$ cat model-v4.cif   # mmCIF, C-alpha atoms and all ligand atoms
data_data
#
loop_
_atom_site.label_atom_id
_atom_site.label_comp_id
_atom_site.auth_asym_id
_atom_site.auth_seq_id
_atom_site.Cartn_x
_atom_site.Cartn_y
_atom_site.Cartn_z
CA MET A 1 97.15 81.35 118.10
CA SER A 2 96.78 77.84 116.73
CA SER A 3 93.59 76.05 117.59
CA SER A 4 95.11 72.61 117.29
CA LEU A 5 96.14 72.27 120.95
CA LYS A 6 92.69 73.37 122.07
CA ASP A 7 91.10 70.87 119.70
CA ARG A 8 93.29 68.03 120.91
CA VAL A 9 92.64 68.82 124.55
CA ARG A 10 88.91 69.31 124.14
CA ARG A 11 88.36 65.56 124.17
CA ILE A 12 89.41 65.35 127.81
CA TYR A 13 86.77 67.87 128.91
CA PRO A 14 84.04 65.28 129.57
CA ASP A 15 86.43 63.48 131.96
CA VAL A 16 87.39 66.56 133.96
CA PRO A 17 85.07 67.89 136.69
CA ILE A 18 85.89 71.54 135.93
CA ASP A 19 83.66 73.91 133.99
CA GLU A 20 84.42 74.39 130.34
CA ASN A 21 85.32 78.06 130.59
CA SER A 22 87.92 77.46 133.27
CA LEU A 23 89.39 74.63 131.22
CA ASP A 24 89.57 76.92 128.20
CA VAL A 25 91.48 79.48 130.26
CA PHE A 26 93.85 76.77 131.49
CA VAL A 27 94.53 75.44 128.00
CA GLY A 28 95.13 78.98 126.78
CA LEU A 29 97.68 79.49 129.55
CA VAL A 30 99.47 76.29 128.61
CA GLU A 31 99.57 77.45 124.99
CA ILE A 32 101.24 80.69 126.05
CA GLN A 33 103.71 78.79 128.23
CA GLU A 34 104.61 76.48 125.39
CA ASP A 35 105.18 79.45 123.14
CA ILE A 36 107.42 81.10 125.75
CA ALA A 37 109.34 77.86 126.30
CA SER A 38 109.87 77.26 122.59
CA LYS A 39 111.40 80.74 122.24
CA LEU A 40 113.75 80.01 125.14
CA SER A 41 115.01 76.69 123.87
CA GLY A 42 118.21 78.18 122.42
CA LYS A 43 119.08 79.77 125.76
CA TYR A 44 120.16 76.50 127.31
CA SER A 45 121.95 74.93 124.38
CA ASP A 46 125.37 75.70 125.89
CA LEU A 47 124.62 73.26 128.68
CA ASP A 48 127.67 71.80 130.47
CA ARG A 49 126.93 68.20 129.54
CA GLU A 50 129.80 66.71 131.53
CA LYS A 51 128.65 68.47 134.66
CA VAL A 52 125.03 67.41 134.10
CA ARG A 53 126.07 63.78 133.61
CA GLU A 54 128.18 63.90 136.74
CA VAL A 55 125.36 65.33 138.85
CA LEU A 56 122.84 62.78 137.53
CA SER A 57 125.26 59.91 138.09
CA GLN A 58 125.43 60.94 141.75
CA GLY A 59 121.66 60.51 141.92
CA LYS A 60 121.05 64.23 142.34
CA PRO A 61 118.53 66.30 140.37
CA VAL A 62 120.40 68.63 138.00
CA LEU A 63 118.94 71.81 139.49
CA SER A 64 119.83 70.82 143.04
CA VAL A 65 123.43 71.52 142.05
CA MET A 66 123.33 73.74 138.98
CA GLU A 67 121.56 77.08 138.82
CA LEU A 68 118.82 77.77 136.31
CA ARG A 69 119.66 80.97 134.47
CA ILE A 70 116.61 83.17 133.92
CA ASP A 71 117.25 86.35 132.01
CA ASP A 72 115.53 89.37 133.62
CA ASP A 73 114.09 90.69 130.36
CA ASP A 74 112.81 87.28 129.31
CA PHE A 75 111.21 86.86 132.71
CA ALA A 76 109.60 90.30 132.62
CA SER A 77 108.08 89.56 129.24
CA ALA A 78 106.81 86.17 130.45
CA VAL A 79 105.13 87.81 133.47
CA LYS A 80 103.60 90.42 131.21
CA ARG A 81 102.14 87.84 128.85
CA ILE A 82 100.76 85.60 131.59
CA ALA A 83 99.31 88.46 133.64
CA GLY A 84 97.95 90.15 130.50
CA TYR A 85 96.23 86.99 129.33
CA LEU A 86 94.68 86.29 132.73
CA ARG A 87 93.51 89.88 133.02
CA GLU A 88 91.53 89.43 129.83
CA GLU A 89 90.13 86.04 130.82
CA LEU A 90 89.40 86.30 134.53
CA ALA A 91 86.93 89.03 135.41
CA ASP A 92 87.31 88.39 139.16
CA ALA A 93 91.03 88.96 139.12
CA ARG A 94 91.08 91.83 136.62
CA GLU A 95 91.74 94.58 139.12
CA GLY A 96 94.57 92.75 140.88
CA LEU A 97 96.22 91.73 137.66
CA SER A 98 96.05 95.29 136.38
CA LYS A 99 97.88 96.39 139.53
CA VAL A 100 100.56 93.76 138.92
CA ILE A 101 101.07 94.92 135.35
CA GLU A 102 101.15 98.59 136.33
CA ALA A 103 103.57 97.92 139.17
CA GLN A 104 105.81 96.03 136.80
CA GLU A 105 105.78 98.89 134.30
CA SER A 106 106.43 101.55 136.93
CA GLY A 107 109.25 99.52 138.45
CA GLN A 108 107.44 99.31 141.79
CA LEU A 109 107.53 95.57 141.44
CA ASN A 110 111.11 94.33 141.19
CA LEU A 111 110.73 91.20 139.12
CA SER A 112 114.36 90.22 139.45
CA GLU A 113 113.99 90.15 143.23
CA LEU A 114 110.64 88.42 143.00
CA LYS A 115 112.07 85.73 140.75
CA GLY A 116 114.98 85.20 143.14
CA ALA A 117 112.61 84.94 146.10
CA PHE A 118 110.43 82.44 144.29
CA MET A 119 113.42 80.30 143.30
CA ARG A 120 114.70 80.27 146.88
CA GLY A 121 111.21 79.39 148.13
CA ASP A 122 111.24 82.61 150.15
CA VAL A 123 107.50 82.92 150.76
CA GLU A 124 107.91 85.95 153.04
CA ALA A 125 109.54 88.03 150.33
CA VAL A 126 106.77 87.20 147.86
CA HIS A 127 104.16 88.17 150.48
CA GLU A 128 105.94 91.47 151.08
CA ALA A 129 106.08 92.25 147.38
CA ALA A 130 102.36 91.48 147.08
CA SER A 131 101.36 93.72 149.96
CA ARG A 132 103.60 96.53 148.68
CA VAL A 133 101.72 96.45 145.38
CA GLY A 134 98.39 95.87 147.12
CA VAL A 135 97.47 92.54 145.55
CA ASP A 136 96.58 89.14 146.87
CA HIS A 137 99.79 87.19 147.46
CA GLU A 138 98.33 83.95 146.14
CA MET A 139 97.59 85.62 142.84
CA LEU A 140 101.09 87.05 142.60
CA GLU A 141 102.59 83.67 143.45
CA ALA A 142 100.47 82.01 140.80
CA VAL A 143 101.51 84.50 138.13
CA VAL A 144 105.19 84.09 139.04
CA ALA A 145 104.87 80.29 139.05
CA TRP A 146 103.18 80.28 135.64
CA ALA A 147 105.85 82.63 134.30
CA VAL A 148 108.79 80.69 135.75
CA GLN A 149 107.62 77.28 134.59
CA PRO A 150 108.48 77.72 130.86
CA PHE A 151 112.12 78.37 131.84
CA PHE A 152 112.22 75.05 133.68
CA GLN A 153 110.52 73.36 130.75
CA ALA A 154 112.98 74.78 128.22
CA PHE A 155 115.93 73.81 130.42
CA SER A 156 114.49 70.35 131.05
CA GLU A 157 113.98 69.81 127.36
CA SER A 158 117.63 70.76 126.71
CA VAL A 159 118.86 68.36 129.39
CA GLY A 160 116.62 65.57 128.11
CA SER A 161 117.79 65.88 124.54
CA ALA A 162 121.46 66.55 125.30
CA VAL A 163 122.06 63.98 128.02
CA GLY A 164 118.95 61.88 128.63
CA PHE A 165 117.98 60.18 131.87
CA GLU A 166 119.25 56.66 131.29
CA GLY A 167 120.16 55.12 134.63
CA TRP A 168 118.07 57.53 136.70
CA GLU A 169 116.24 55.29 139.14
CA SER A 170 114.55 57.71 141.48
CA GLY A 171 110.89 58.68 141.47
CA ARG A 172 111.97 62.32 141.81
CA CYS A 173 112.40 64.39 138.70
CA PRO A 174 116.04 64.19 137.50
CA VAL A 175 115.93 67.86 136.47
CA CYS A 176 113.97 69.88 139.02
CA GLY A 177 113.68 67.34 141.83
CA SER A 178 109.88 67.42 142.10
CA PHE A 179 107.89 64.36 142.95
CA THR A 180 105.21 63.42 140.48
CA ARG A 181 101.90 61.62 140.62
CA VAL A 182 101.81 60.94 136.89
CA GLU A 183 102.86 57.58 135.47
CA VAL A 184 102.48 56.81 131.79
CA VAL A 185 102.22 53.29 130.42
CA GLN A 186 103.26 53.67 126.79
CA PRO A 187 101.58 51.74 123.97
CA ASP A 188 104.58 49.35 123.92
CA GLY A 189 103.91 48.53 127.59
CA THR A 190 106.92 50.30 129.11
CA SER A 191 106.35 52.77 131.92
CA LEU A 192 107.69 56.17 132.62
CA LEU A 193 107.14 59.00 135.04
CA ARG A 194 106.46 62.50 133.87
CA CYS A 195 107.31 65.58 135.92
CA GLN A 196 104.24 67.80 136.16
CA PHE A 197 106.37 70.88 136.58
CA CYS A 198 109.22 70.77 134.07
CA GLY A 199 107.97 68.01 131.78
CA ALA A 200 110.96 65.66 132.12
CA GLU A 201 110.14 62.01 131.41
CA TRP A 202 112.16 59.05 132.60
CA LYS A 203 111.75 55.30 132.67
CA TYR A 204 110.41 53.92 135.89
CA PRO A 205 109.22 50.42 136.66
CA GLU A 206 105.52 49.73 136.99
CA GLY A 207 104.29 48.83 140.44
CA LYS A 208 106.88 50.88 142.27
CA CYS A 209 105.95 53.86 144.43
CA PRO A 210 107.44 57.06 142.93
CA TYR A 211 107.58 58.64 146.38
CA CYS A 212 109.44 56.05 148.45
CA GLY A 213 110.49 53.36 145.97
CA ASN A 214 108.42 50.67 147.70
CA SER A 215 107.52 47.77 145.43
CA ASP A 216 106.40 45.28 148.05
CA LYS A 217 103.00 43.98 147.00
CA SER A 218 101.83 43.57 150.58
CA THR A 219 101.88 47.33 151.11
CA LEU A 220 101.23 48.47 147.57
CA MET A 221 98.08 48.37 145.49
CA VAL A 222 97.78 49.14 141.83
CA LEU A 223 94.15 49.36 140.77
CA GLY A 224 92.40 49.88 137.51
CA LEU A 225 89.33 52.06 137.56
CA GLU A 226 86.49 49.62 137.16
CA GLU A 227 84.60 50.98 134.21
CA ASP A 228 87.43 53.00 132.75
CA LYS A 229 90.44 51.05 131.58
CA ARG A 230 92.32 54.17 130.50
CA PHE A 231 93.31 55.13 134.00
CA GLY A 232 94.66 53.44 137.08
CA VAL A 233 95.94 54.38 140.49
CA GLY A 234 98.79 53.18 142.69
CA ILE A 235 98.43 53.43 146.43
CA CYS A 236 101.40 52.98 148.76
CA ARG A 237 100.58 52.17 152.34
CA LEU A 238 104.22 52.45 153.37
CA CYS A 239 104.49 56.20 152.74
CA GLY A 240 100.80 57.04 152.37
CA ASN A 241 101.07 58.46 148.86
CA TYR A 242 99.26 57.62 145.66
CA TRP A 243 99.95 58.17 142.00
CA LYS A 244 97.91 58.13 138.82
CA ILE A 245 98.46 55.96 135.79
CA VAL A 246 97.44 56.71 132.22
CA ASP A 247 97.52 53.64 129.98
CA GLU A 248 98.20 54.92 126.49
CA GLY A 249 97.52 51.48 125.11
CA VAL A 250 93.87 52.16 125.94
CA ALA A 251 93.71 55.96 126.16
CA GLY A 252 95.64 56.58 122.95
CA THR A 253 98.33 59.19 122.43
CA ASP A 254 96.38 62.13 121.01
CA VAL A 255 96.16 64.07 124.25
CA PRO A 256 99.40 65.89 125.07
CA ARG A 257 100.95 64.37 128.21
CA ARG A 258 101.11 67.81 129.74
CA PHE A 259 97.37 67.36 130.36
CA TYR A 260 97.45 63.91 131.97
CA ASP A 261 97.48 65.38 135.46
CA ILE A 262 94.28 67.35 134.93
CA TRP A 263 92.79 64.54 132.81
CA THR A 264 92.98 62.31 135.89
CA LEU A 265 91.75 64.92 138.36
CA LYS A 266 88.80 62.67 139.24
CA ILE A 267 91.21 60.24 140.87
CA ASP A 268 92.59 63.00 143.09
CA LEU A 269 89.08 63.99 144.11
CA LEU A 270 88.20 60.36 144.76
CA LEU A 271 91.25 59.76 146.96
CA THR A 272 91.48 63.07 148.76
CA GLY A 273 87.80 63.91 148.96
CA GLY A 274 88.44 67.24 147.30
CA ARG A 275 91.42 68.29 149.43
CA LYS A 276 94.42 69.40 147.46
CA GLY A 277 96.70 66.43 146.99
ZN ZN B 301 110.88 68.32 136.84
ZN ZN B 302 105.51 54.95 148.92
#

$ encode --input "model-v4.cif" --output "structure tokens"
Amino acid sequence: MSSSLKDRVRRIYPDVPIDENSLDVFVGLVEIQEDIASKLSGKYSDLDREKVREVLSQGKPVLSVMELRIDDDDFASAVKRIAGYLREELADAREGLSKVIEAQESGQLNLSELKGAFMRGDVEAVHEAASRVGVDHEMLEAVVAWAVQPFFQAFSESVGSAVGFEGWESGRCPVCGSFTRVEVVQPDGTSLLRCQFCGAEWKYPEGKCPYCGNSDKSTLMVLGLEEDKRFGVGICRLCGNYWKIVDEGVAGTDVPRRFYDIWTLKIDLLLTGGRKG
């Protein structure tokens, strides 16, 4: 595996209040995901561009109308890689992850069903699958989420390069519909939002809440962090949400944007007091 991603990401470690080993595991996971996604990129090249354009022009995220195709074999191999990697890296979860891998191999765990349940947001079905196999449901959910994400990323990449997001004005991701807390100010001064889940990036005005679209200065604050000009935060009093800003003019562009969310984790801790945002 190439060490270049790890080297590039290592420079954010001093800014992130997570121990080095855990960060290493995280970066390794992202490397695997990127490898999976890059091998899937051809799978979505037959995209119905007209349909995608039509959906976007109606202001709807592509995947709220179109279905993301995930091949069963591709998914099974993604689960195997993710679970196999984590089993090696996380001593605490080794036993559970072994069970997941064994259940997958014996067919006790129906990945096709599990994938469907996850995509529908059917939490019950994921819980049932976990208890059938005898593993913690949060761990199974995490493995499935990590394994599903590269399919979204590959699809999102295809949509971005085939159609683009010109004219998309929402703060929600034009592909998967997620909200994001990550704004990027590019070195040329223009702003964009980046979806933390599928990686889509689209232009979005500075000083506008990604959650509710509020841009009224009386209920919106955009602050720089005093000593650290690389990062900022927007706080919207209208909807109660906040988002994080990375100024690439100061922070540079060496760190892959995929890591901006974790790079700015301190802001989340500062604003939520450690609760999950
Ligand atoms: Zn997205
Ligand atoms: Zn708002």

$ atom_distance --input "model-v4.cif" --atom1 "CA of Gly107 (chain A)" --atom2 "CA of Ala78 (chain A)"
15.8 Å

$ residues_around --input "model-v4.cif" --residues "Glu128 (chain A)" --least-positions-apart "3" --cutoff "12 Å" --atoms "only C-alpha atoms" --output "PDB file with C-alpha atoms, keeping the file's coordinate frame"
ATOM      1  CA  LEU A 109     107.530  95.570 141.440  1.00  0.00           C
ATOM      2  CA  ASN A 110     111.110  94.330 141.190  1.00  0.00           C
ATOM      3  CA  GLU A 113     113.990  90.150 143.230  1.00  0.00           C
ATOM      4  CA  LEU A 114     110.640  88.420 143.000  1.00  0.00           C
ATOM      5  CA  ALA A 117     112.610  84.940 146.100  1.00  0.00           C
ATOM      6  CA  ASP A 122     111.240  82.610 150.150  1.00  0.00           C
ATOM      7  CA  VAL A 123     107.500  82.920 150.760  1.00  0.00           C
ATOM      8  CA  GLU A 124     107.910  85.950 153.040  1.00  0.00           C
ATOM      9  CA  ALA A 125     109.540  88.030 150.330  1.00  0.00           C
ATOM     10  CA  SER A 131     101.360  93.720 149.960  1.00  0.00           C
ATOM     11  CA  ARG A 132     103.600  96.530 148.680  1.00  0.00           C
ATOM     12  CA  VAL A 133     101.720  96.450 145.380  1.00  0.00           C
ATOM     13  CA  GLY A 134      98.390  95.870 147.120  1.00  0.00           C
ATOM     14  CA  VAL A 135      97.470  92.540 145.550  1.00  0.00           C
ATOM     15  CA  ASP A 136      96.580  89.140 146.870  1.00  0.00           C
ATOM     16  CA  HIS A 137      99.790  87.190 147.460  1.00  0.00           C
ATOM     17  CA  GLU A 138      98.330  83.950 146.140  1.00  0.00           C
ATOM     18  CA  LEU A 140     101.090  87.050 142.600  1.00  0.00           C
ATOM     19  CA  GLU A 141     102.590  83.670 143.450  1.00  0.00           C
TER      20      GLU A 141
END

$ closest_residue --input "model-v4.cif" --among "A:Gly28, A:Pro17, A:Gly177, A:Pro150" --to "Ser4 (chain A)" --atoms "only C-alpha atoms"
A:Gly28

$ residues_near_ligand --input "model-v4.cif" --ligand "ligand ZN 301 (chain B)" --cutoff "7 Å" --atoms "only C-alpha atoms and all ligand atoms" --output "PDB file with C-alpha atoms, in the coordinates of the input"
ATOM      1  CA  CYS A 173     112.400  64.390 138.700  1.00  0.00           C
ATOM      2  CA  PRO A 174     116.040  64.190 137.500  1.00  0.00           C
ATOM      3  CA  VAL A 175     115.930  67.860 136.470  1.00  0.00           C
ATOM      4  CA  CYS A 176     113.970  69.880 139.020  1.00  0.00           C
ATOM      5  CA  GLY A 177     113.680  67.340 141.830  1.00  0.00           C
ATOM      6  CA  SER A 178     109.880  67.420 142.100  1.00  0.00           C
ATOM      7  CA  CYS A 195     107.310  65.580 135.920  1.00  0.00           C
ATOM      8  CA  GLN A 196     104.240  67.800 136.160  1.00  0.00           C
ATOM      9  CA  PHE A 197     106.370  70.880 136.580  1.00  0.00           C
ATOM     10  CA  CYS A 198     109.220  70.770 134.070  1.00  0.00           C
ATOM     11  CA  GLY A 199     107.970  68.010 131.780  1.00  0.00           C
ATOM     12  CA  ALA A 200     110.960  65.660 132.120  1.00  0.00           C
TER      13      ALA A 200
END

$ residues_near_ligand --input "model-v4.cif" --ligand "ligand ZN 302 (chain B)" --cutoff "8 Å" --atoms "only C-alpha atoms and all ligand atoms" --output "PyMOL selection string"
chain A and resi 208-214+220+235-242

$ closest_residue --input "model-v4.cif" --among "A:Asp19, A:Glu54, A:Glu105, A:Glu157" --to "Val79 (chain A)" --atoms "all atoms listed in the file"
A:Glu105

$ residues_around --input "model-v4.cif" --residues "region 180-193 of chain A" --least-positions-apart "6" --cutoff "7 Å" --atoms "all atoms listed in the file" --output "list in words"
Arg172, Glu201, Trp202, Lys203, Tyr204, Pro205, Glu206, Tyr242, Trp243, Lys244, Ile245, Val246, Asp247, Glu248, Gly249 and Asp261 of chain A
